[in-house]
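K.L.:
Okay, here's the structure, questions in a sec.
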Amino acid sequence: MTHVAIIIRMLRILFYAALALSSFAALAGIGMFFVAVKDLPRVPEPLSRIIETPPTEIYAATGEKIMVIGGRESVPLSRVSQYFIQAVIATEDHRFWEHHGIDKLRTLKALWITFFKPGKVQGASTITQQLSKNLFFSFKRRYMRKFRELLVALQIESQYSKREILEAYINQIPFGVGAHGIEQGARTFFGKPASELTLAESALLAGLPKSPTRYNPYIHYDRAKKRQRVVLLRMVAVGYITQAMADRASYAKLNLQRLPARARTGSYFLDIVVKSLEERYGPNVVHHGGLKVTTTIDPQLESQAIKSLQKGLIELEKMMGIHTKTIESSGEKVVRPQGALVAVETNSGAIKALVGGRDYSETEYNRAVESKRLPGSGFKPFLYYTALEKLDINPATVFIDQPVTIPVIGAKNWSPRNFGLKYEGPMILKRALMNSVNSIAAQLVERTGPEEVIRTAHRCGIKSHLEPVYSVALGTSGVSPLEMASSFGTFATGGVRHEPFFISRVEDALGRVLEEHIVSGKRSLDASLVYQVVDMMRGVVDEGTGSIVRRLGFDLPAAGKTGTTDGYYDAWFTGFTPTLSASVWVGYDKGEGLWDTQGNGITGGRGAAPIWADFMIKATEGEPHREFAIPSDIRFENVDPITGYKANDSTLNPVRIALREGQKVYENIFQDETLNDSTILSPLWGP
Amino acid sequence: MEWYEPRDFKEWAKRLFAIRHLVLILFILGVFISELRFDWFEQTVGSYLVTTNSKRPESGAIWEIGHRTIMARQTLDQIVTDRQFLQREARGATTFTQMALNILPNKGIMVSSERFKKIYLTLPQTIAHKIASPFEMLRLFSDGSWVRTYLEKAGDGLKIYLLNANNRVLKELEIPSDLIQYIKRIDMALTGKLEELPSFENRIYSAERFFAALSSLPQEDLRSVVSQPEMLLSMPGHIVRVGISDEAVSGFIELGFEIEDGTQRKVILLQGREWAVWALRSYLEEKEGEPNTNLKSQNDWM
């Protein structure tokens, strides 16, 4: 047999083998087809139905949309920039207009690479196949899944026009950061409708679906630009644009919008809103029901609160010798102090700003609501109100600031100390609060009892459990910044308590009202007693431990109280104007105190009050000078801060106090005598 | 048949260009080329799948989202329907009791200030005064700030918030449970006779005797006994007997007016001021001796 004959014989065998194999493959294909068809998903009619999920929209009190959950914003092809359509086709499937759901040449090439080049997997999915996958299938790589995906793609091609397919595709592709569909993508990244996208913007967006995380321009700008370049070159290759156009677009500056909150809320305030909605209506309704939620937040105040807190924390770090830039450049893992700020409208309880940490992207733990930190002396206003209510005293009553020991039945005696361990002897009650004197606070709580102080705190709106021990008056039970801001709001309104709230109205997608908040105030405290406490707290801001607020330039009428805990673990300042109550906390999440480079502890006055002042200066910008309402039975007297006697020309640094009807201060009839205990005529409460 | 090598060129050519070989090759080429050109395979499969579409399951990511959306809409529709039902009932209420009965725990109702005013005016004056001063209502109504009213359960009682356009509470009214019970009894015309109400069984008088005694009271005291004669007048049928309760509540004594309407008997409850009812009672007892407690039917007195 000649060589030719041998070859022909071989070829013949091969031919029949291939024929048999092909027949077998065809039979297997038919079998697989019928197996796959059995539970193939139904394709919706019309295809646009896929984008009929209404989004849940969350609005600020100002009407601004601040978050969108779920939903799709569908636009017809005619309202999408031609550049974007070309960019998508050039990048994803340049033979889209020609094939019938499968690009056979690309598929063969991909199969060749997948089977014959180990470790490499080549994709060849057409736009229709991608649409099929996105609509119906998981993202697991399985051959049967791929086969089903292909079959659905073929059906889609048979059932719908190319324009319908392309429209459905561009209205559902994910761009990352919670944006689905081109309209949402264009608005999220560039703050404009899809119809107004430029070539550069279109190319950037068209490059994202390949890997929205990897090419996220907010995080990996350079990578996203490189991908944009790839898209532009594809457009040149396909013939949609010229090289010159691609070059110009490549160098064009992109004006990326500030990233709005989507899907992941990105904000501590929105976290509590979404959580609350989910509790009330269930996650399904929140994510698929298309609610319209109006919240109480003021975006400007919220933004200012974030800025003030971040700026304040950087200042605090400088004070502590933590150098932010060094940390960032060295990549060193340094635990940094945290903070929280809450602002509440006093005459309604509406939360206008809420920040639960220095950076939401670093930590989502909401310190403004979930964290219970010891308020320290920040709790004293509740004690002082209780004392004025229960004991026959007034702001001019004199106490002796000296070491005290209070016996506790069944436990160790309680001996609170002043900060700095200094004791100043006699002083009036107002000065004791202004200077946050612990020894006098201890004397007060000994007489009122801790239960009464707790009752006052609860009347004001503190919800946390408070331990009925003497030290509760010095803030040894944990509370949240939201509770502090809200409860101090009760002082600002003259004793009328408003429950804090953050959702004012919820409607369904058709505008039918599901709930609305009723702003109801309840008188919890006596207006005159409250005024006396507020007047004393004004002293804290004007001349006392919180006077840095004035030095920093906040000049509207305001009252407040600093708070610092043992070991300087927590620094607080909670204060209010007649319209806005705000609380600021700073400290480490656990285990560390706040100390400056000189080894001095950082108090509420140094750590938190500057943040409060910075925030309030901006928050009240343009507001008129508004005084706290003075009850009709209140009158004012100037007194000596040491003796409590009515001030006269020779009194040094007289203090103005507020007195209720029937309360009086005495004339000093021993003007020339040196002060001693026997010369004090005002009611004296010694230890 | 075993293949063997062709012996000459002619046989080679014959074999190579055999009809069946050419047909086979052309067929295979035709299939490939026409598929590449016309995508008939994809179209056939696609068309077949279109015909089976309606029988296939609604499965996959997009359908799951769709189902969740439908469920969410149904939940919301239920909430809205419940709320609207309560609102509609409240708006259609003609008495305070009807309105109060529609308020479920944690599901308050919102009505307009107009609607609430109308309901307020259906209450007997004494009760209305207990709920809110008419002058206060007048003030709020006249300055235009009162726009809506929200009513909600508070324990067994009721809380009513008079609201402005911004949902701020202008006035908060509290109605304790005993007052609500009392209003309910006043509002409801009880089907049956006076004897069926234990508090009246000792003092039941014929209407003639009761109104005769009433007319002998000073003119200015009449409304203290029967605060809303207009309401009694508006009732269909005629009053046949009147009962006076043994109990006094918060300075008021209940009066039961038994009305005959065709074959039906019903009792309307009203409140009279305690002192005025006492005066009437003593007058009734002085004039006629002990009240007749053995009355079995109106005919005994007619």
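Note on naming: chains are A, B, ... as they come in the structure tokens, residues start from 1 per chain, ligands start from 1 in the order shown.
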Would you give me, as a list in words, the residues of chain B that come within 6 Å of chain A, using only C-alpha atoms?
P.N.:
Glu5, Glu42, Gly46, Ser47, Leu49, Val50, Asn53, Arg56, Pro57, Glu58, Ser59, Gly60, Ala61, Ile62, Thr69, Ala72, Arg73, Asn167, Arg168 and Val169 of chain B
K.L.:
Quick one: residues within 10 Å of Trp275 of chain B, only C-alpha atoms, excluding same-chain residues fewer than 3 positions away - as a PyMOL selection string?
P.N.:
chain B and resi 221+224-225+251-253+272+278-281
K.L.:
Using only C-alpha atoms, can you tell me which of B:Ala154, B:Pro134, B:Ala90, B:Ser199 comes closest to Ala248 of chain B?
P.N.:
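Between B:Ala154, B:Pro134, B:Ala90, B:Ser199, the residue approaching Ala248 of chain B most closely is B:Ser199.
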K.L.:
If we count only C-alpha atoms and set the cut-off at 8 Å, which residues sit around Glu451 of chain A, ignoring sequence neighbours fewer than 4 positions away in its own chain? Please answer as a PyMOL selection string.
P.N.:
chain A and resi 455+468-469
K.L.:
Selected residues, C-alpha atoms, written as an mmCIF file, in the first residue's frame, please.
P.N.:
```cif
data_model
loop_
_atom_site.group_PDB
_atom_site.id
_atom_site.type_symbol
_atom_site.label_atom_id
_atom_site.label_comp_id
_atom_site.auth_asym_id
_atom_site.auth_seq_id
_atom_site.Cartn_x
_atom_site.Cartn_y
_atom_site.Cartn_z
ATOM 1 C CA ARG A 455 -36.449 60.922 88.006
ATOM 2 C CA PRO A 468 -29.531 54.742 91.819
ATOM 3 C CA VAL A 469 -26.255 55.608 93.533
#
```
K.L.:
Give me the residues within 8 Å of Arg223 of chain A as number ranges by chain, counting only C-alpha atoms and dropping any in the same chain fewer than 6 places off.
P.N.:
A: 214-215, 217
K.L.:
Please write the residues from the selection above to a file, keeping N, CA and C atoms, as an mmCIF file, in the first residue's frame.
P.N.:
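Saved result, again_35.cif, follows:
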```
data_model
loop_
_atom_site.group_PDB
_atom_site.id
_atom_site.type_symbol
_atom_site.label_atom_id
_atom_site.label_comp_id
_atom_site.auth_asym_id
_atom_site.auth_seq_id
_atom_site.Cartn_x
_atom_site.Cartn_y
_atom_site.Cartn_z
ATOM 1 N N ARG A 214 -13.350 47.421 40.954
ATOM 2 C CA ARG A 214 -11.956 47.612 40.527
ATOM 3 C C ARG A 214 -11.745 48.953 39.842
ATOM 4 N N TYR A 215 -12.778 49.401 39.107
ATOM 5 C CA TYR A 215 -12.616 50.662 38.369
ATOM 6 C C TYR A 215 -13.375 51.825 39.008
ATOM 7 N N PRO A 217 -14.112 55.056 40.199
ATOM 8 C CA PRO A 217 -13.276 56.252 40.044
ATOM 9 C C PRO A 217 -13.104 57.048 41.340
#
```
